[in-house]
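Engineer: Got a structure for you, written out below as structure tokens; questions coming shortly.
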Amino acid sequence: MNIGILLKEGPYNHQAADTAYKFAEAAIARGHRVDAIFLYNDGVLNVTRHMDPPQDDRHIASRWDELNKKHGVEVLACIAASKRRGINNDVIIEGGEITGLGTLTDIAIRTDRLVTFGD
Amino acid sequence: MNIGILLKEGPYNHQAADTAYKFAEAAIARGHRVDAIFLYNDGVLNVTRHMDPPQDDRHIASRWDELNKKHGVEVLACIAASKRRGINNDVIIEGGEITGLGTLTDIAIRTDRLVTFGD
Amino acid sequence: MSDANNNVRKIMHVMRHAPHGKIYTYEGLEMILIMAAYEQDLSVVFIGDGVFALKKGQETAGIGIKGFAKTFMALEGYDVEKLYADADSLAERGLTPDDLLVDVKVLDSYEIGALMNEQDVIIPH
Amino acid sequence: MSDANNNVRKIMHVMRHAPHGKIYTYEGLEMILIMAAYEQDLSVVFIGDGVFALKKGQETAGIGIKGFAKTFMALEGYDVEKLYADADSLAERGLTPDDLLVDVKVLDSYEIGALMNEQDVIIPH
Amino acid sequence: MLHTINKSPFENGTMLTCFRFLQPGDPVLFIEDGVYAVRSAGHYTSDIRDVLKTNPVYALLPDLDARGIDAVVEGVQSIDYDGFVELVEHHQVNSWL
Amino acid sequence: MLHTINKSPFENGTMLTCFRFLQPGDPVLFIEDGVYAVRSAGHYTSDIRDVLKTNPVYALLPDLDARGIDAVVEGVQSIDYDGFVELVEHHQVNSWL
């Protein structure tokens, strides 16, 4: 099955980013394709490469980077939401990309499921 | 009166940053000193200089910068909360500063009021 | 259904938050306006405090935030005509269709639940 | 009150959110641990879902988030001994002091309200 | 102690929780989405009237305007940010977030 | 349609709102802070039992564990992220945020 994920909250402050990641991992383990993770609202804050949590904590941006590199999951941040919140190509992780809401529409059309996580 | 402000949410996603700003403006207009705005939780996201909202919208980071420059309001982001969320000296506005929670304690001790805004 | 419509998806946007306190309704509306260009079968449903987004007379100058209530009136021009509001949510908030900026079809919760079950995608805002 | 105590402020931290779903309780605890070094008159009150933060048996490995419930047990070592929980909040959630990781003084809402009114600073988490 | 409430009572229990801890005489200020509580002839009118018997109740006018609320429960006072600051001059603040 | 609920019912009306729109047979999955709803002998047991008459109810086990909830209302099924994905294989998703 081809699955898209919409993530609406930033890292650490809400559990949404963690649940979305665990869900994506489990979907891949079950043999599904996770087509894309689209970041909206504060969700765009997930892809800043400046994130530097304590060593014994999870690194949320690296998780997304890894999903992109290992499993070809597109990690996409909405450009309008990103601009408001100070996310741009200077700060984004390698595996992330800034794009428009048209891309989300394409994802909604081409995937079998679109699953939303947020607050 | 010497007033401190604690802001716990990021810009645009919640009204807290707007209410805090309007409150600070009004306090200054009434002749009070706004000693410091301390940013905690997602509040640290208020001081990224990469923020680039639509032209007809308010620019929240610039507001804090202006409060610092015109009225000497210290704009302080908690270092631990900042590191988690990708805020560091490379991305912070000129009038902002990254500091520890000890500084918030000092603010709580030296101000007459500490007013919190959040979600 | 003609072949040309095989790729048309039923996408419902659910507005459940009051405007201004959080950005969800505003950025939700931005999303709907973009999606409208893609000729999908869009609907928008207002539930709970989401119905407040449509209230007439919102004047946001004082809070320093751009108002957007009137943008809902533009949806019709983008061929987004399926606007629904939950009857109980309106009643609990003492609102009638006359209090709202746009024409919405008022449905009961059973009817909205049935519509939800027809969707290919539901996006909460 | 002695002169030395003139600058001691009564600072109350109010925990009102469930743990893990949002970071507020965790970052709140971090704040309390730092403030504890400043020899102020600190208290921590657990209201509403905030009481869940103290529940025994929290195992967070499965959600991939660092657990912190046991850090509340360290507060006493930092001389933060004024821990209060709201009786109604516990009762509504079917919790008794035995379900909690640390000793808290259970107070009714009038007593907590009166304590709030003695504070120089209240910080919500 | 000034109590501020910024959540809609229709979706969230914050207002009713705050009311349990209110001491007589303490002012209550509704801001942001909290102002939906004080709409005239609204769902929470009787709760607001109960509080008004013992406590002054305020609502932030710019937030009322932003939400299209043009009439509030009798006895609730509409104030601007300036009035908010004035309340803070006289009280410590307890923000119910 | 799979309905997910991630808010504590003690502070927020999301669960009760969702229940109004449920169609018989549709699965409900509690995640994150939503799992407080299904604690055995808890405040919302009768609401959960009512739903169980017509709908399957699930709770995410890692979220139950994280919150120290070791017993759930009889009939509620605990599942892992793997089980969450399995539900999504069979249903479109309606996330009540």
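In the structure tokens, the first chain shown is A, the next is B, and so on; residue numbers restart at 1 for each chain, and ligands run from 1 in the order shown.
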Considering only C-alpha atoms, return as a PyMOL selection string whatever protein or nucleic-acid residues lie within 10 Å of F:Arg39, sequence-local ones (same chain, fewer than 4 positions apart) excluded.

Structural biologist: (chain D and resi 93-94) or (chain F and resi 35+43-45+48+64+68-74+76)

Engineer: Run DSSP on the backbone and give me the residues of stretch 26-68 of chain C it puts in helix (DSSP H, G or I), as an NGL selection string.

Structural biologist: :C and (26-38 or 48-54 or 61-63)

Engineer: Give as a ChimeraX atom specification every residue of chain A that touches chain C within 8 Å, counting only C-alpha atoms.

Structural biologist: /A:41,81,101-102,105,108-109,113-114,116

Engineer: Write the selection just made, keeping N, CA and C atoms, as a compact mmCIF listing (two decimals), in the first residue's frame?

Structural biologist:
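Final output, saved to selection-v6.txt:
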```txt
# COMPACT_ATOMS: atom_id res chain seq x y z
N ASN A 41 1.67 23.54 9.15
CA ASN A 41 1.60 24.29 10.42
C ASN A 41 2.99 24.22 11.09
N ALA A 81 4.06 27.82 5.14
CA ALA A 81 4.18 27.57 6.58
C ALA A 81 5.63 27.71 7.03
N LEU A 101 1.77 23.54 -1.50
CA LEU A 101 0.62 22.73 -1.11
C LEU A 101 0.08 21.90 -2.27
N GLY A 102 0.45 22.27 -3.50
CA GLY A 102 0.07 21.44 -4.65
C GLY A 102 0.64 20.03 -4.51
N THR A 105 -1.50 18.01 -2.42
CA THR A 105 -2.67 17.57 -3.17
C THR A 105 -2.32 16.34 -4.01
N ALA A 108 -2.19 13.41 -1.78
CA ALA A 108 -3.54 12.98 -1.40
C ALA A 108 -4.19 12.19 -2.54
N ILE A 109 -3.83 12.54 -3.77
CA ILE A 109 -4.42 11.86 -4.93
C ILE A 109 -3.75 10.51 -5.18
N ARG A 113 -3.62 5.97 1.31
CA ARG A 113 -4.04 6.51 2.59
C ARG A 113 -3.26 7.78 2.87
N LEU A 114 -3.94 8.77 3.48
CA LEU A 114 -3.24 9.92 4.02
C LEU A 114 -3.58 9.97 5.51
N THR A 116 -3.04 11.67 9.25
CA THR A 116 -2.62 12.94 9.84
C THR A 116 -2.28 12.79 11.31
```

Engineer: Tell me, as number ranges by chain, which residues lie within 6 Å of stretch 85-89 of chain C, counting only C-alpha atoms; anything in the same chain fewer than 2 positions away does not count.

Structural biologist: C: 45-48, 91-92, 106-108

Engineer: Using only C-alpha atoms, find each residue of chain B with at least one atom at most 7 Å away from an atom of chain A; report its shortest atom-to-atom pair and that distance in Å (one decimal), sort the rows by chain and rising residue number, and return the result as a Markdown table.

Structural biologist:
```
| residue | atom | partner | partner_atom | distance |
| --- | --- | --- | --- | --- |
| B:Asn13 | CA | A:Asp42 | CA | 6.6 |
| B:Asn41 | CA | A:Asn13 | CA | 6.9 |
| B:Asp42 | CA | A:Asn13 | CA | 6.6 |
| B:Thr48 | CA | A:Gly86 | CA | 6.0 |
| B:Arg49 | CA | A:Gly86 | CA | 6.8 |
| B:His50 | CA | A:Gly86 | CA | 4.2 |
| B:Met51 | CA | A:Gly86 | CA | 3.8 |
| B:Asp52 | CA | A:Lys83 | CA | 4.8 |
| B:Pro53 | CA | A:Arg84 | CA | 4.4 |
| B:Lys83 | CA | A:Asp52 | CA | 4.8 |
| B:Arg84 | CA | A:Pro53 | CA | 4.4 |
| B:Arg85 | CA | A:Met51 | CA | 5.3 |
| B:Gly86 | CA | A:Met51 | CA | 3.7 |
| B:Ile87 | CA | A:His50 | CA | 6.7 |
```

Engineer: Ranking A:Gln55, A:Ser62, A:Asn68, A:Thr19 by minimum distance to chain F and counting only C-alpha atoms, which one comes first?

Structural biologist: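 The answer is A:Thr19, which sits nearest to chain F.
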
Engineer: Please, which residues of chain E lie no more than 7 Å from chain F when the count uses only C-alpha atoms, and can they be set out as a PyMOL selection string?

Structural biologist: chain E and resi 11-13

Engineer: Between atom CA of B:Glu25 and atom CA of E:Asn6, what is the distance, to one decimal in Å?

Structural biologist: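 Value for the atom CA of B:Glu25-atom CA of E:Asn6 distance: 19.4 Å.
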